[in-house]
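Have a look at protein-v2.cif; it's mmCIF, C-alpha atoms:
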data_input
#
loop_
_atom_site.label_atom_id
_atom_site.label_comp_id
_atom_site.auth_asym_id
_atom_site.auth_seq_id
_atom_site.Cartn_x
_atom_site.Cartn_y
_atom_site.Cartn_z
CA MET A 30 0.00 0.00 0.00
CA SER A 31 1.39 3.39 -0.91
CA SER A 32 1.67 6.27 1.49
CA ARG A 33 -1.09 8.11 -0.40
CA GLU A 34 -3.58 5.31 0.09
CA THR A 35 -5.09 5.21 3.51
CA GLU A 36 -6.41 2.18 5.18
CA PRO A 37 -10.12 2.16 5.93
CA PRO A 38 -10.75 2.59 9.63
CA SER A 39 -11.28 -0.62 11.50
CA GLY A 40 -14.78 -1.39 12.76
CA ASP A 41 -13.86 -0.27 16.30
CA ALA A 42 -12.42 3.02 15.11
CA ALA A 43 -15.53 3.83 13.03
CA GLU A 44 -17.85 3.20 15.99
CA THR A 45 -15.90 5.36 18.41
CA SER A 46 -15.20 8.27 16.09
CA PRO A 47 -17.49 11.29 16.69
CA PRO A 48 -20.40 11.69 14.26
CA SER A 49 -19.86 14.16 11.48
CA ARG A 50 -21.19 17.66 11.90
CA ARG A 51 -23.66 17.07 9.05
CA ALA A 52 -25.02 13.89 10.66
CA THR A 53 -25.50 15.72 13.96
CA HIS A 54 -27.33 18.56 12.20
CA VAL A 55 -29.64 16.11 10.39
CA GLU A 56 -30.39 14.29 13.63
CA ALA A 57 -31.21 17.60 15.33
CA LEU A 58 -33.59 18.53 12.50
CA LEU A 59 -35.25 15.12 12.63
CA GLU A 60 -35.67 15.42 16.40
CA ARG A 61 -37.30 18.86 15.99
CA PHE A 62 -39.58 17.57 13.23
CA LEU A 63 -40.68 14.55 15.23
CA ASN A 64 -41.48 16.72 18.26
CA LEU A 65 -43.71 19.23 16.44
CA PRO A 66 -47.18 19.51 17.99
CA GLU A 67 -50.04 17.83 16.14
CA ILE A 68 -52.37 20.06 14.15
CA GLN A 69 -55.91 19.48 13.01
CA VAL A 70 -57.03 20.65 9.60
CA THR A 71 -60.73 20.80 8.82
CA ALA A 72 -62.62 22.34 5.95
CA PRO A 73 -65.87 24.08 6.75
CA PRO A 74 -68.81 21.93 5.64
CA PRO A 75 -71.45 23.33 3.25
CA PRO A 76 -74.53 25.03 4.74
CA ASP A 77 -77.57 22.99 5.64
CA PRO A 78 -81.16 24.35 5.71
CA LEU A 79 -82.46 22.97 9.03
CA VAL A 80 -79.26 21.76 10.71
CA ASP A 81 -77.13 24.66 11.92
CA ARG A 82 -73.63 23.42 11.02
CA ALA A 83 -72.07 26.48 12.64
CA ALA A 84 -73.03 24.90 15.96
CA SER A 85 -71.40 21.57 15.04
CA THR A 86 -68.73 20.01 17.18
CA LEU A 87 -66.31 20.81 14.35
CA PRO A 88 -67.43 24.25 13.12
CA ALA A 89 -65.66 26.46 10.66
CA PRO A 90 -62.73 28.35 12.23
CA GLY A 91 -63.77 31.52 14.01
CA LYS A 92 -67.33 30.37 14.63
CA LEU A 93 -66.83 28.20 17.69
CA PRO A 94 -70.03 27.83 19.70
CA THR A 95 -69.68 28.22 23.41
CA LEU A 96 -70.23 25.15 25.52
CA ASP A 97 -72.36 27.22 27.90
CA ALA A 98 -74.76 28.23 25.11
CA PHE A 99 -75.18 24.63 24.01
CA ASP A 100 -75.58 23.46 27.61
CA GLU A 101 -78.42 25.97 28.05
CA GLN A 102 -80.17 24.61 24.95
CA LEU A 103 -79.68 21.03 26.05
CA ALA A 104 -80.75 21.81 29.64
CA ALA A 105 -84.31 22.44 28.47
CA VAL A 106 -84.44 19.06 26.70
CA GLU A 107 -82.68 16.88 29.28
CA PRO A 108 -85.61 16.54 31.74
CA MET A 109 -87.90 15.54 28.87
CA LEU A 110 -85.41 12.91 27.73
CA GLU A 111 -85.26 11.51 31.25
CA GLN A 112 -89.06 11.16 31.27
CA ALA A 113 -89.15 9.87 27.65
CA ASP A 114 -91.44 12.83 26.87
CA TRP A 115 -90.94 12.64 23.11
CA GLU A 116 -93.92 14.88 22.39
CA GLY A 117 -92.44 17.55 24.66
CA VAL A 118 -89.03 17.26 22.92
CA ARG A 119 -90.73 17.46 19.53
CA ALA A 120 -92.84 20.47 20.54
CA LEU A 121 -89.92 22.37 22.07
CA LEU A 122 -87.50 21.79 19.20
CA SER A 123 -90.01 22.16 16.34
CA SER A 124 -90.55 25.82 17.27
CA ARG A 125 -86.95 26.67 16.39
CA LYS A 126 -85.88 27.83 12.94
CA THR A 127 -82.56 25.95 13.02
CA LEU A 128 -81.05 23.38 15.34
CA PRO A 129 -77.45 22.53 16.14
CA PRO A 130 -76.67 18.98 14.95
CA PRO A 131 -76.99 17.31 18.39
CA LEU A 132 -80.43 18.83 18.96
CA ALA A 133 -81.46 18.07 15.36
CA LEU A 134 -80.56 14.45 16.05
CA LEU A 135 -82.64 14.46 19.26
CA TYR A 136 -85.52 16.04 17.35
CA SER A 137 -85.36 13.32 14.69
CA ILE A 138 -85.37 10.65 17.41
CA ALA A 139 -88.45 12.30 18.95
CA LEU A 140 -90.14 12.25 15.52
CA SER A 141 -89.26 8.58 15.14
CA GLU A 142 -90.59 7.74 18.60
CA ARG A 143 -93.85 9.55 17.82
CA GLY A 144 -94.10 8.06 14.31
CA GLN A 145 -94.20 11.51 12.71
CA GLY A 146 -92.58 13.05 9.65
CA ASP A 147 -89.42 11.74 8.00
CA PRO A 148 -86.95 11.42 10.89
CA GLU A 149 -84.44 9.47 8.81
CA GLU A 150 -83.67 12.33 6.42
CA LEU A 151 -83.21 14.86 9.23
CA ALA A 152 -81.17 12.42 11.33
CA THR A 153 -78.90 11.70 8.36
CA ARG A 154 -78.25 15.42 7.87
CA ALA A 155 -77.57 15.84 11.61
CA VAL A 156 -75.18 12.86 11.79
CA ALA A 157 -73.42 14.05 8.63
CA ALA A 158 -72.98 17.49 10.23
CA LEU A 159 -71.66 15.94 13.45
CA LEU A 160 -69.17 13.80 11.55
CA CYS A 161 -68.35 16.51 8.97
CA VAL A 162 -69.09 14.14 6.10
CA PRO A 163 -71.36 14.62 3.07
CA GLU A 164 -75.05 13.95 3.58
CA GLN A 165 -74.80 11.10 1.06
CA SER A 166 -72.19 9.40 3.25
CA GLU A 167 -72.84 5.71 3.76
CA THR A 168 -71.38 6.10 7.26
CA ALA A 169 -74.00 8.69 8.25
CA ARG A 170 -76.77 6.59 6.70
CA LEU A 171 -75.68 3.45 8.54
CA ILE A 172 -75.46 5.23 11.90
CA VAL A 173 -78.94 6.66 11.43
CA LYS A 174 -80.42 3.29 10.46
CA ARG A 175 -78.93 1.70 13.57
CA LEU A 176 -79.91 4.63 15.77
CA LEU A 177 -83.53 4.64 14.63
CA GLY A 178 -83.73 0.84 14.79
CA ARG A 179 -84.32 0.35 11.10
CA SER A 180 -82.90 -2.47 9.04
CA VAL A 181 -79.87 -1.64 6.93
CA THR A 182 -80.55 -2.35 3.26
#
Please express what this file holds, its structure, as structure tokens.
Amino acid sequence: MSSRETEPPSGDAAETSPPSRRATHVEALLERFLNLPEIQVTAPPPPDPLVDRAASTLPAPGKLPTLDAFDEQLAAVEPMLEQADWEGVRALLSSRKTLPPPLALLYSIALSERGQGDPEELATRAVAALLCVPEQSETARLIVKRLLGRSVT
């Protein structure tokens, strides 16, 4: 071997030599990348005539409903639910122009329990709003069928 040629480092020497500056920099960048906080990206769903999507659990940014406001709306319905007063739930919620998705779902259940109207269509729109999926979603349709005790076809 000539003096210009250098021998490759032995296995022990390669393991004990300090990592290159570039490798250290890459590792630091990877560590920073892997420790970034998670983010959630959602697109605002399209408007719905009876179901107020702005009151959904996943509303468009900047239109977050307050939990207190929803709790007040639900507080009026809760005692009726406890008593299975479906006519009372139907009467209370039918007087409103729009309903947030959870109340729209309760209203559709009240309609189903009373055998009135088309609860399946309203429930599908409410579930779709809650899940932020299209109204034609098979997932929303399946949940509604199971919820209203109808056979899935």
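Residues matched by the PyMOL selection byres ((chain A and resi 111-114) around 12) in this file: Ala104, Ala105, Val106, Glu107, Pro108, Met109, Leu110, Trp115, Glu116, Gly117, Val118, Arg119, Ala120, Leu121, Leu135, Tyr136, Ile138, Ala139, Leu140, Glu142 and Arg143 of chain A.
Between Pro148 in chain A and the residues A:Pro130, A:Cys161, A:Glu167, A:Val173, the shortest atom-to-atom distance, using only C-alpha atoms, involves A:Val173.
Each of A:Lys126, A:Leu134, A:Glu67, A:Arg175 was checked against Leu159 in chain A using all atoms listed in the file; the smallest atom-to-atom distance is that of A:Leu134.
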To one decimal place, how far is CA of Ala155 in chain A from CA of Ala133 in chain A in Å? 5.8 Å
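One finds CA of Arg154 in chain A at 12.6 Å from CA of Lys174 in chain A.
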note - CA of Pro163 in chain A and CA of Pro131 in chain A are separated by 16.5 Å
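Between Glu150 in chain A and the residues A:Ser166, A:Ser49, A:Ser137, A:Thr127, the shortest atom-to-atom distance, using only C-alpha atoms, involves A:Ser137.
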Using all atoms listed in the file, the shortest atom-to-atom distance to Asp147 in chain A among A:Ile172, A:Val162, A:Leu122, A:Leu177 belongs to A:Leu177
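When all atoms listed in the file are used to compute distances to Leu151 in chain A, the closest of the residues A:Leu103, A:Leu132, A:Leu63, A:Val55 turns out to be A:Leu132.
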